[in-house]
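Trainee: Just passing along the structure, written as structure tokens.
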Amino acid sequence: MDQLSSDRRPTRYKSLKKLGLVHHKAMALRATGLVYDDIAVSVNRSPATVRNWFQKDELFKATWKNYGKRGAKEAARVIREYAPREARRIIELMRKESKPRGPLDLVALLKELEEEAAQG
């Protein structure tokens, strides 16, 4: 019985010594709004491992905190620079449509805009 109970003890989390590409990918995915379970699938790790990175690992948490600050500043800059112009283009294209697009069709519209920008 003692052996069985010792086998069930939770393992102690071992902190990371350095961050690899998989850790930075996890941060990038989290910044897009993905939850731990989805990130875990994407980086081929268990959800518990991903959760531990974000909640327990000091090196990871410190890097994530800075990542978030940089990401927020960059996102604000991109929105200020591009959003007004692109929003106007989307509205113009939607006005030209004979049949209004639904939410899923907006993805196709945005793809068209990207292709148009790449060509011109």
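Scheme for the structure tokens: letters A, B, ... for chains in order shown; per-chain residue numbers from 1; ligand numbers from 1 in order shown.
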Determine, counting only C-alpha atoms, which protein, DNA and RNA residues have an atom within 12 Å of an atom of Ala28 of chain A; residues of the same chain fewer than 4 positions away are not included. Present the result as number ranges by chain.

Mentor: A: 21-24, 32-35, 39, 42-43, 63-64, 67-68, 70-71

Trainee: List as a PyMOL selection string the protein and nucleic acid residues near Asn44 of chain A, meaning an atom at most 12 Å away when only C-alpha atoms are counted, but skip any in the same chain fewer than 4 places from it.

Mentor: chain A and resi 22-23+25-26+36-40+48-50

Trainee: Report the distance between atom CA of Arg80 of chain A and atom CA of Glu92 of chain A in Å, rounded to one decimal place.

Mentor: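 So the answer is 19.5 Å.
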
Trainee: Point out the residue among A:Lys18, A:Leu29, A:Val41, A:Ser46 with the least atom-to-atom distance to Ala62 of chain A, counting only C-alpha atoms.

Mentor: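 Nearest candidate to Ala62 of chain A out of A:Lys18, A:Leu29, A:Val41, A:Ser46: A:Lys18.
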
Trainee: Pick out the residues sitting within 9 Å of Lys56 of chain A, and hand them over as a count of residues only; count only C-alpha atoms, and ignore anything fewer than 4 positions along from it in its own chain.

Mentor: 6

Trainee: To one decimal place, how far is atom CA of Lys69 of chain A from atom CA of Glu114 of chain A in Å?

Mentor: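 Result for atom CA of Lys69 of chain A versus atom CA of Glu114 of chain A: 27.4 Å, one decimal.
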